[in-house]
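Q: Input file: data_25.pdb. Contents: PDB, C-alpha atoms and all ligand atoms.
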```pdb
ATOM      1  CA  MET A   1    -165.492  78.890 148.350
ATOM      2  CA  HIS A   2    -165.117  82.100 146.380
ATOM      3  CA  ARG A   3    -163.689  82.284 142.899
ATOM      4  CA  ILE A   4    -161.938  85.624 142.462
ATOM      5  CA  ARG A   5    -160.750  86.899 139.098
ATOM      6  CA  CYS A   6    -157.289  88.399 139.572
ATOM      7  CA  PRO A   7    -156.699  91.004 136.832
ATOM      8  CA  PHE A   8    -153.364  89.342 136.056
ATOM      9  CA  CYS A   9    -153.702  85.646 136.935
ATOM     10  CA  GLY A  10    -157.341  85.081 135.992
ATOM     11  CA  ALA A  11    -159.957  83.245 138.078
ATOM     12  CA  ARG A  12    -158.404  81.628 141.139
ATOM     13  CA  ASP A  13    -159.709  79.958 144.259
ATOM     14  CA  GLU A  14    -160.193  81.912 147.467
ATOM     15  CA  THR A  15    -157.470  79.856 149.189
ATOM     16  CA  GLU A  16    -154.839  81.710 147.131
ATOM     17  CA  PHE A  17    -155.988  85.054 148.552
ATOM     18  CA  ALA A  18    -155.702  86.785 151.909
ATOM     19  CA  TYR A  19    -158.627  89.033 152.891
ATOM     20  CA  ARG A  20    -157.477  92.576 153.683
ATOM     21  CA  GLY A  21    -160.730  94.359 154.490
ATOM     22  CA  ASP A  22    -162.510  97.548 153.459
ATOM     23  CA  ALA A  23    -160.969  99.147 150.369
ATOM     24  CA  THR A  24    -162.735 102.489 150.755
ATOM     25  CA  LYS A  25    -160.812 103.687 153.819
ATOM     26  CA  ARG A  26    -158.282 106.444 153.130
ATOM     27  CA  ARG A  27    -155.425 107.313 155.436
ATOM     28  CA  PRO A  28    -156.011 110.689 157.113
ATOM     29  CA  PRO A  29    -153.357 113.397 156.720
ATOM     30  CA  ASP A  30    -150.404 113.049 159.120
ATOM     31  CA  ASP A  31    -151.616 115.975 161.250
ATOM     32  CA  ALA A  32    -155.176 114.639 161.641
ATOM     33  CA  ASP A  33    -156.426 114.095 165.202
ATOM     34  CA  GLU A  34    -156.689 110.857 167.160
ATOM     35  CA  ASP A  35    -160.377 110.349 166.340
ATOM     36  CA  ALA A  36    -159.624 110.428 162.628
ATOM     37  CA  PHE A  37    -156.916 107.781 163.050
ATOM     38  CA  PHE A  38    -159.098 105.684 165.361
ATOM     39  CA  ASP A  39    -161.746 105.722 162.679
ATOM     40  CA  TYR A  40    -159.221 104.847 159.961
ATOM     41  CA  VAL A  41    -157.648 101.950 161.874
ATOM     42  CA  TYR A  42    -160.610 100.421 163.727
ATOM     43  CA  ARG A  43    -164.065 101.548 162.684
ATOM     44  CA  ARG A  44    -165.655  99.522 159.911
ATOM     45  CA  ALA A  45    -169.176  99.306 158.565
ATOM     46  CA  ASN A  46    -170.617  95.801 158.557
ATOM     47  CA  PRO A  47    -172.939  95.988 155.549
ATOM     48  CA  LYS A  48    -175.396  93.308 154.543
ATOM     49  CA  ASP A  49    -174.844  94.445 150.986
ATOM     50  CA  TRP A  50    -172.213  95.128 148.341
ATOM     51  CA  HIS A  51    -168.761  95.712 149.786
ATOM     52  CA  VAL A  52    -165.616  97.113 148.173
ATOM     53  CA  GLU A  53    -162.693  95.245 149.675
ATOM     54  CA  TRP A  54    -159.059  94.228 149.322
ATOM     55  CA  TRP A  55    -157.935  90.697 148.605
ATOM     56  CA  HIS A  56    -154.170  90.089 148.443
ATOM     57  CA  HIS A  57    -153.233  87.447 145.873
ATOM     58  CA  THR A  58    -150.688  85.881 148.212
ATOM     59  CA  GLY A  59    -150.587  82.507 146.468
ATOM     60  CA  GLY A  60    -150.228  83.967 142.964
ATOM     61  CA  CYS A  61    -148.908  87.288 141.668
ATOM     62  CA  ARG A  62    -148.718  88.798 145.184
ATOM     63  CA  ARG A  63    -150.582  91.945 144.163
ATOM     64  CA  LEU A  64    -153.519  93.621 145.917
ATOM     65  CA  VAL A  65    -156.804  93.146 144.085
ATOM     66  CA  LYS A  66    -159.851  95.361 144.613
ATOM     67  CA  VAL A  67    -163.064  93.307 144.743
ATOM     68  CA  VAL A  68    -166.766  94.207 144.804
ATOM     69  CA  ARG A  69    -168.463  91.339 146.650
ATOM     70  CA  HIS A  70    -171.915  90.891 148.137
ATOM     71  CA  THR A  71    -171.609  89.975 151.809
ATOM     72  CA  VAL A  72    -174.756  87.832 151.777
ATOM     73  CA  THR A  73    -174.639  86.017 148.438
ATOM     74  CA  HIS A  74    -170.827  86.204 148.106
ATOM     75  CA  GLU A  75    -171.317  87.106 144.451
ATOM     76  CA  VAL A  76    -168.221  88.820 143.078
ATOM     77  CA  HIS A  77    -169.459  91.586 140.794
ATOM     78  CA  TRP A  78    -166.155  93.195 139.805
ATOM     79  CA  THR A  79    -162.406  92.933 140.365
ATOM     80  CA  GLY A  80    -159.650  95.337 139.412
ATOM     81  CA  TRP A  81    -156.374  96.995 140.362
ATOM     82  CA  PRO A  82    -156.041  99.339 143.363
ATOM     83  CA  ASP A  83    -155.998 102.489 141.196
ATOM     84  CA  GLN A  84    -159.194 101.556 139.336
ATOM     85  CA  PRO A  85    -162.567 102.958 140.448
ATOM     86  CA  PRO A  86    -164.787  99.985 141.363
ATOM     87  CA  SER A  87    -167.870  99.235 139.311
ATOM     88  CA  LEU A  88    -170.912  98.753 141.557
ATOM     89  CA  PRO A  89    -174.102  96.976 140.440
ATOM     90  CA  ASP A  90    -177.220  99.040 139.697
ATOM     91  CA  GLY A  91    -179.047  99.953 142.895
ATOM     92  CA  ALA A  92    -175.976  99.537 145.128
ATOM     93  CA  PRO A  93    -175.567 102.242 147.781
TER      94      PRO A  93
ATOM     95  CA  MET B   1    -143.809  59.048 135.492
ATOM     96  CA  ALA B   2    -140.464  60.627 136.349
ATOM     97  CA  ILE B   3    -139.999  63.093 139.212
ATOM     98  CA  THR B   4    -136.645  64.783 138.917
ATOM     99  CA  VAL B   5    -134.722  67.234 141.048
ATOM    100  CA  ARG B   6    -133.116  69.551 138.519
ATOM    101  CA  ASN B   7    -129.893  71.067 139.771
ATOM    102  CA  GLY B   8    -127.672  73.448 137.876
ATOM    103  CA  VAL B   9    -130.408  75.918 137.005
ATOM    104  CA  ALA B  10    -129.764  79.630 137.362
ATOM    105  CA  CYS B  11    -132.878  81.540 138.378
ATOM    106  CA  CYS B  12    -133.398  85.305 138.432
ATOM    107  CA  LEU B  13    -136.350  87.543 139.186
ATOM    108  CA  VAL B  14    -136.725  90.518 136.839
ATOM    109  CA  LEU B  15    -138.893  93.388 138.126
ATOM    110  CA  ALA B  16    -139.551  96.203 135.655
ATOM    111  CA  ARG B  17    -139.513  99.757 136.930
ATOM    112  CA  ARG B  18    -142.946 101.392 137.000
ATOM    113  CA  GLY B  19    -143.995 102.128 133.421
ATOM    114  CA  PHE B  20    -141.149 100.082 131.913
ATOM    115  CA  ALA B  21    -142.797  96.642 131.616
ATOM    116  CA  GLU B  22    -143.315  96.775 127.831
ATOM    117  CA  VAL B  23    -139.839  98.011 126.997
ATOM    118  CA  THR B  24    -138.258  95.497 129.425
ATOM    119  CA  ALA B  25    -140.234  92.671 127.806
ATOM    120  CA  GLU B  26    -139.118  93.784 124.363
ATOM    121  CA  ARG B  27    -135.467  94.154 125.340
ATOM    122  CA  LEU B  28    -135.256  90.773 127.115
ATOM    123  CA  GLU B  29    -137.703  88.952 124.785
ATOM    124  CA  LEU B  30    -140.129  88.259 127.623
ATOM    125  CA  SER B  31    -143.825  87.471 127.303
ATOM    126  CA  LEU B  32    -146.334  90.109 128.442
ATOM    127  CA  GLU B  33    -149.195  87.626 128.276
ATOM    128  CA  PRO B  34    -150.131  86.167 131.675
ATOM    129  CA  GLY B  35    -149.994  82.385 131.645
ATOM    130  CA  ARG B  36    -147.721  82.241 128.595
ATOM    131  CA  ALA B  37    -144.019  81.451 129.070
ATOM    132  CA  THR B  38    -141.335  81.906 126.448
ATOM    133  CA  ILE B  39    -139.314  78.708 126.176
ATOM    134  CA  GLY B  40    -136.176  78.980 124.065
ATOM    135  CA  ALA B  41    -133.218  76.669 123.557
ATOM    136  CA  GLU B  42    -131.241  78.414 126.293
ATOM    137  CA  ARG B  43    -133.747  80.204 128.452
ATOM    138  CA  CYS B  44    -137.221  79.844 129.939
ATOM    139  CA  CYS B  45    -139.082  82.990 131.055
ATOM    140  CA  LEU B  46    -142.289  83.027 133.075
ATOM    141  CA  PRO B  47    -144.444  86.134 133.556
ATOM    142  CA  ILE B  48    -145.501  85.724 137.203
ATOM    143  CA  ALA B  49    -146.933  89.179 138.008
ATOM    144  CA  PRO B  50    -147.443  92.498 136.187
ATOM    145  CA  GLY B  51    -143.969  93.603 135.073
ATOM    146  CA  GLU B  52    -142.339  90.670 136.852
ATOM    147  CA  TRP B  53    -140.711  87.561 135.370
ATOM    148  CA  LEU B  54    -138.862  84.478 136.528
ATOM    149  CA  VAL B  55    -135.950  83.691 134.201
ATOM    150  CA  LEU B  56    -134.426  80.194 134.205
ATOM    151  CA  GLU B  57    -131.247  79.269 132.426
ATOM    152  CA  GLN B  58    -128.374  76.836 132.641
ATOM    153  CA  TRP B  59    -126.051  77.597 135.521
ATOM    154  CA  ARG B  60    -122.920  79.541 134.488
ATOM    155  CA  ALA B  61    -120.359  81.162 136.738
ATOM    156  CA  ASP B  62    -121.823  82.442 139.995
ATOM    157  CA  GLY B  63    -124.054  85.414 139.235
ATOM    158  CA  GLY B  64    -123.547  85.114 135.472
ATOM    159  CA  LEU B  65    -127.222  85.223 134.553
ATOM    160  CA  ARG B  66    -127.921  88.107 136.921
ATOM    161  CA  MET B  67    -125.066  90.172 135.513
ATOM    162  CA  GLN B  68    -126.145  89.559 131.939
ATOM    163  CA  LEU B  69    -129.785  90.471 132.669
ATOM    164  CA  GLU B  70    -128.710  93.580 134.587
ATOM    165  CA  GLY B  71    -126.628  94.661 131.628
ATOM    166  CA  ASP B  72    -129.370  93.942 129.089
ATOM    167  CA  ALA B  73    -132.067  95.680 131.142
ATOM    168  CA  ALA B  74    -129.946  98.530 132.504
ATOM    169  CA  GLY B  75    -132.186 101.416 133.548
ATOM    170  CA  LEU B  76    -135.356  99.412 132.856
ATOM    171  CA  ALA B  77    -135.630  96.708 135.502
ATOM    172  CA  TYR B  78    -134.252  95.354 138.751
ATOM    173  CA  VAL B  79    -132.771  91.868 138.785
ATOM    174  CA  SER B  80    -132.310  89.624 141.797
ATOM    175  CA  ASP B  81    -130.505  86.299 141.728
ATOM    176  CA  GLN B  82    -132.724  83.561 143.194
ATOM    177  CA  SER B  83    -130.542  80.607 142.153
ATOM    178  CA  HIS B  84    -129.787  79.566 145.719
ATOM    179  CA  GLY B  85    -133.293  80.319 146.931
ATOM    180  CA  ARG B  86    -135.303  78.229 144.493
ATOM    181  CA  GLN B  87    -135.418  74.591 143.489
ATOM    182  CA  VAL B  88    -136.723  73.223 140.209
ATOM    183  CA  ILE B  89    -138.492  69.852 140.237
ATOM    184  CA  ARG B  90    -139.720  68.265 137.003
ATOM    185  CA  VAL B  91    -142.727  65.973 136.813
ATOM    186  CA  ALA B  92    -142.991  64.184 133.464
ATOM    187  CA  GLY B  93    -145.281  61.515 132.099
ATOM    188  CA  PRO B  94    -148.869  60.888 131.040
ATOM    189  CA  ALA B  95    -150.060  60.924 134.678
ATOM    190  CA  ALA B  96    -148.378  64.268 135.479
ATOM    191  CA  ARG B  97    -151.644  66.225 135.190
ATOM    192  CA  ASP B  98    -153.411  63.792 137.521
ATOM    193  CA  LEU B  99    -150.633  64.038 140.080
ATOM    194  CA  LEU B 100    -150.591  67.856 140.037
ATOM    195  CA  GLY B 101    -154.389  67.872 140.103
ATOM    196  CA  ARG B 102    -154.248  66.413 143.591
ATOM    197  CA  GLY B 103    -152.844  69.676 144.944
ATOM    198  CA  CYS B 104    -153.153  72.287 142.184
ATOM    199  CA  ARG B 105    -156.410  74.190 141.756
ATOM    200  CA  LEU B 106    -155.776  75.338 138.185
ATOM    201  CA  ASP B 107    -157.443  73.814 135.157
ATOM    202  CA  LEU B 108    -154.687  71.567 133.785
ATOM    203  CA  HIS B 109    -156.817  69.987 131.057
ATOM    204  CA  PRO B 110    -154.862  69.964 127.740
ATOM    205  CA  ARG B 111    -157.609  72.166 126.277
ATOM    206  CA  LYS B 112    -156.346  75.004 128.497
ATOM    207  CA  CYS B 113    -152.888  73.833 129.511
ATOM    208  CA  ARG B 114    -150.441  73.240 126.671
ATOM    209  CA  PRO B 115    -146.643  73.579 126.314
ATOM    210  CA  GLY B 116    -145.770  77.118 127.362
ATOM    211  CA  PHE B 117    -148.592  77.315 129.932
ATOM    212  CA  CYS B 118    -147.322  78.855 133.148
ATOM    213  CA  ALA B 119    -148.706  80.211 136.420
ATOM    214  CA  ALA B 120    -147.721  81.431 139.840
ATOM    215  CA  THR B 121    -149.981  79.421 142.108
ATOM    216  CA  SER B 122    -150.114  77.195 145.164
ATOM    217  CA  ILE B 123    -149.782  73.426 144.969
ATOM    218  CA  ALA B 124    -150.887  71.765 148.204
ATOM    219  CA  GLU B 125    -150.226  75.159 149.875
ATOM    220  CA  TYR B 126    -146.645  75.339 148.584
ATOM    221  CA  ALA B 127    -146.066  78.575 146.658
ATOM    222  CA  CYS B 128    -144.983  77.427 143.233
ATOM    223  CA  ALA B 129    -144.254  78.716 139.740
ATOM    224  CA  LEU B 130    -145.429  76.105 137.263
ATOM    225  CA  VAL B 131    -144.583  75.805 133.570
ATOM    226  CA  GLN B 132    -145.469  73.098 131.070
ATOM    227  CA  VAL B 133    -142.310  72.543 129.001
ATOM    228  CA  ASP B 134    -143.446  69.906 126.479
ATOM    229  CA  ALA B 135    -146.320  67.704 125.340
ATOM    230  CA  VAL B 136    -145.285  64.554 127.276
ATOM    231  CA  PRO B 137    -146.445  66.433 129.374
ATOM    232  CA  SER B 138    -143.522  67.637 131.497
ATOM    233  CA  PHE B 139    -144.001  70.337 134.122
ATOM    234  CA  ASP B 140    -141.255  72.285 135.826
ATOM    235  CA  LEU B 141    -142.202  73.357 139.342
ATOM    236  CA  VAL B 142    -140.157  76.128 140.932
ATOM    237  CA  VAL B 143    -140.481  76.247 144.721
ATOM    238  CA  ALA B 144    -138.600  77.964 147.542
ATOM    239  CA  ALA B 145    -135.484  75.903 148.279
ATOM    240  CA  GLY B 146    -136.412  75.692 151.963
ATOM    241  CA  TYR B 147    -139.683  73.956 151.078
ATOM    242  CA  ALA B 148    -138.240  71.736 148.351
ATOM    243  CA  GLU B 149    -137.702  68.655 150.507
ATOM    244  CA  SER B 150    -141.160  68.860 152.020
ATOM    245  CA  PHE B 151    -142.677  69.482 148.583
ATOM    246  CA  TRP B 152    -140.737  66.485 147.242
ATOM    247  CA  LEU B 153    -142.286  64.293 149.924
ATOM    248  CA  TRP B 154    -145.748  65.550 149.019
ATOM    249  CA  LEU B 155    -145.122  64.827 145.327
ATOM    250  CA  THR B 156    -143.760  61.337 145.868
ATOM    251  CA  ASP B 157    -146.467  60.457 148.414
ATOM    252  CA  HIS B 158    -149.178  61.341 145.935
ATOM    253  CA  ALA B 159    -147.328  59.828 142.963
ATOM    254  CA  ALA B 160    -147.184  56.380 144.587
ATOM    255  CA  MET B 161    -150.594  55.404 143.211
ATOM    256  CA  PHE B 162    -149.488  56.229 139.645
ATOM    257  CA  GLY B 163    -146.007  54.688 139.885
ATOM    258  CA  TYR B 164    -142.965  56.881 139.467
ATOM    259  CA  ARG B 165    -139.203  56.955 139.078
ATOM    260  CA  ALA B 166    -137.219  59.449 141.184
ATOM    261  CA  ALA B 167    -134.044  61.047 139.859
ATOM    262  CA  ILE B 168    -131.597  63.873 140.401
ATOM    263  CA  GLU B 169    -129.940  65.491 137.430
ATOM    264  CA  THR B 170    -127.666  68.380 136.689
ATOM    265  CA  VAL B 171    -129.162  69.980 133.650
ATOM    266  CA  ASP B 172    -127.316  71.226 130.599
ATOM    267  CA  ARG B 173    -130.321  73.318 129.613
ATOM    268  CA  PRO B 174    -133.234  74.531 131.720
TER     269      PRO B 174
HETATM  270 ZN    ZN C 201    -152.815  87.384 140.755
END
```
Translate the structure of the given file into structure tokens.

A:
Amino acid sequence: MHRIRCPFCGARDETEFAYRGDATKRRPPDDADEDAFFDYVYRRANPKDWHVEWWHHTGGCRRLVKVVRHTVTHEVHWTGWPDQPPSLPDGAP
Amino acid sequence: MAITVRNGVACCLVLARRGFAEVTAERLELSLEPGRATIGAERCCLPIAPGEWLVLEQWRADGGLRMQLEGDAAGLAYVSDQSHGRQVIRVAGPAARDLLGRGCRLDLHPRKCRPGFCAATSIAEYACALVQVDAVPSFDLVVAAGYAESFWLWLTDHAAMFGYRAAIETVDRP
């Protein structure tokens, strides 16, 4: 069970959140080619490391929260709003 | 413990326009502090998301609360009337925290949770806005009307071990 600190609601249990995947992907421009969109929609890294990701606080304020989580230890290092640059731990790639 | 269906409550959602949360809060006397409701004689306001509040008041003419809020917050916020879409259920009595603790994952200890405490959360997977209204303690739980009956059954099932009295009332203040 993760405990995730929503910037508005405070620390809440994982069950209140819906996982929404990699938060570093950016939508290509409308005129980008098929490969660019294939990459944007489907291709994801599967790091054994720190990961910047979206969690939607479905069971609370219903806002998207940006989370820096370690995929092995599940430690949550940082949470913030979508427009905030994530803070990564020292030594993170 | 008393578990009461509270009818006759008008309920509106106020959503501030981008960049207008502070001025909306000031104009409508809403709290900007997450987890802290403003409970007045007439009105109870819960901050449930950034720039978003649930406003509860005694039922007036149809749409009365919405029209007043729209007038007061003209140009600052959007208002939607949720009166028919939400149901308020009150749980009151010394065992109220223990009952809610069976489905609510928040820390409801009186050290953290005092009158005015509020949260948008899930109770036994029912989406719920919760506010502690007094020191009895009494909690008002605002759920989607379509889930109210099912939520009622969950509450009364789990309240059986504490003993409870069920009631329906039409409130003269929220
Ligand atoms: Zn939240």

Q: Enumerate residues in contact with ligand ZN 201 (chain C): an atom-to-atom distance of at most 6 Å, counting all atoms listed in the file. Format the result as a PDB file with C-alpha atoms, in the frame of the given file.

A:
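To be explicit, this is the file written out as selection.pdb:
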```pdb
ATOM      1  CA  CYS A   6    -157.289  88.399 139.572  1.00  0.00           C
ATOM      2  CA  PHE A   8    -153.364  89.342 136.056  1.00  0.00           C
ATOM      3  CA  CYS A   9    -153.702  85.646 136.935  1.00  0.00           C
ATOM      4  CA  HIS A  57    -153.233  87.447 145.873  1.00  0.00           C
ATOM      5  CA  GLY A  60    -150.228  83.967 142.964  1.00  0.00           C
ATOM      6  CA  CYS A  61    -148.908  87.288 141.668  1.00  0.00           C
TER       7      CYS A  61
END
```

Q: For the file shown, what are the residues hit by the PyMOL selection byres ((chain A) within 12 of (chain B)), laid out as a VMD selection string?

A: chain A and resid 3 6 to 17 57 to 64 81

Q: Could you tell me how far atom CA of B:Glu57 sits from atom CA of B:Ser31, in Å to one decimal place?

A: 15.9 Å

Q: Please list as a ChimeraX atom specification every residue within 9 Å of A:Arg69, counting all atoms listed in the file and excluding residues in the same chain fewer than 4 positions away.

A: /A:49-53,73-79

Q: Applying the PyMOL selection byres (((chain A and resi 24-34) around 10) and not hetatm) to the file I just gave you, which residues come out? Please list them as a list in words.

A: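 With the shown file as input, the PyMOL selection byres (((chain A and resi 24-34) around 10) and not hetatm) matches Gly21, Asp22, Ala23, Asp35, Ala36, Phe37, Phe38, Asp39, Tyr40, Val41, Arg43, Arg44, His51, Val52, Glu53, Trp54, Lys66 and Pro86 of chain A.
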
Q: Quote the spacing between atom CA of B:Arg90 and atom CA of B:Phe117 in Å to one decimal place.

A: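 Between atom CA of B:Arg90 and atom CA of B:Phe117 the gap works out to 14.5 Å.
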
Q: Just the residues within 7 Å of B:Gly51, please, counting only C-alpha atoms, with nothing from its chain fewer than 3 positions along; format it as a PyMOL selection string.

A: chain B and resi 15-16+21

Q: For the atom pair atom CA of A:Lys48 and atom CA of A:Asp90, what is the interatomic distance in Å to one decimal place?

A: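 That distance, rounded to one decimal, is 16.0 Å.
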
Q: Looking at all atoms listed in the file, which of A:Ser87, A:Ala45, A:Tyr19, A:Gly80 is the one that sits closest to A:Val65?

A: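 Smallest separation from A:Val65 among the options: A:Gly80.
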
Q: Starting from the shown file, work through the PyMOL selection byres (((chain B and resi 131) around 6) and not hetatm) and note down what comes out as a PyMOL selection string.

A: chain B and resi 117-118+130+132+139-140

Q: Quick one: residues within 10 Å of B:Ala135, only C-alpha atoms counted, chain neighbours fewer than 4 positions away excluded, as a PyMOL selection string?

A: chain B and resi 92-94+110+113-116+139

Q: To test the calculation: enclose all listed atoms of stretch 31-36 of chain A in a box whose edges run along x, y and z, add 8 Å on each side, then state centre and edge lengths in Å to one decimal, as JSON.

A:
```
{"center_x": -156.0, "center_y": 113.2, "center_z": 164.2, "size_x": 24.8, "size_y": 21.6, "size_z": 21.9}
```

Q: Go through B:Cys104, B:Ala160, B:Ala96, B:Cys12 one by one, measure the shortest atom-to-atom distance of each to B:Val136 using only C-alpha atoms, and give the residue with the smallest value.

A: B:Ala96
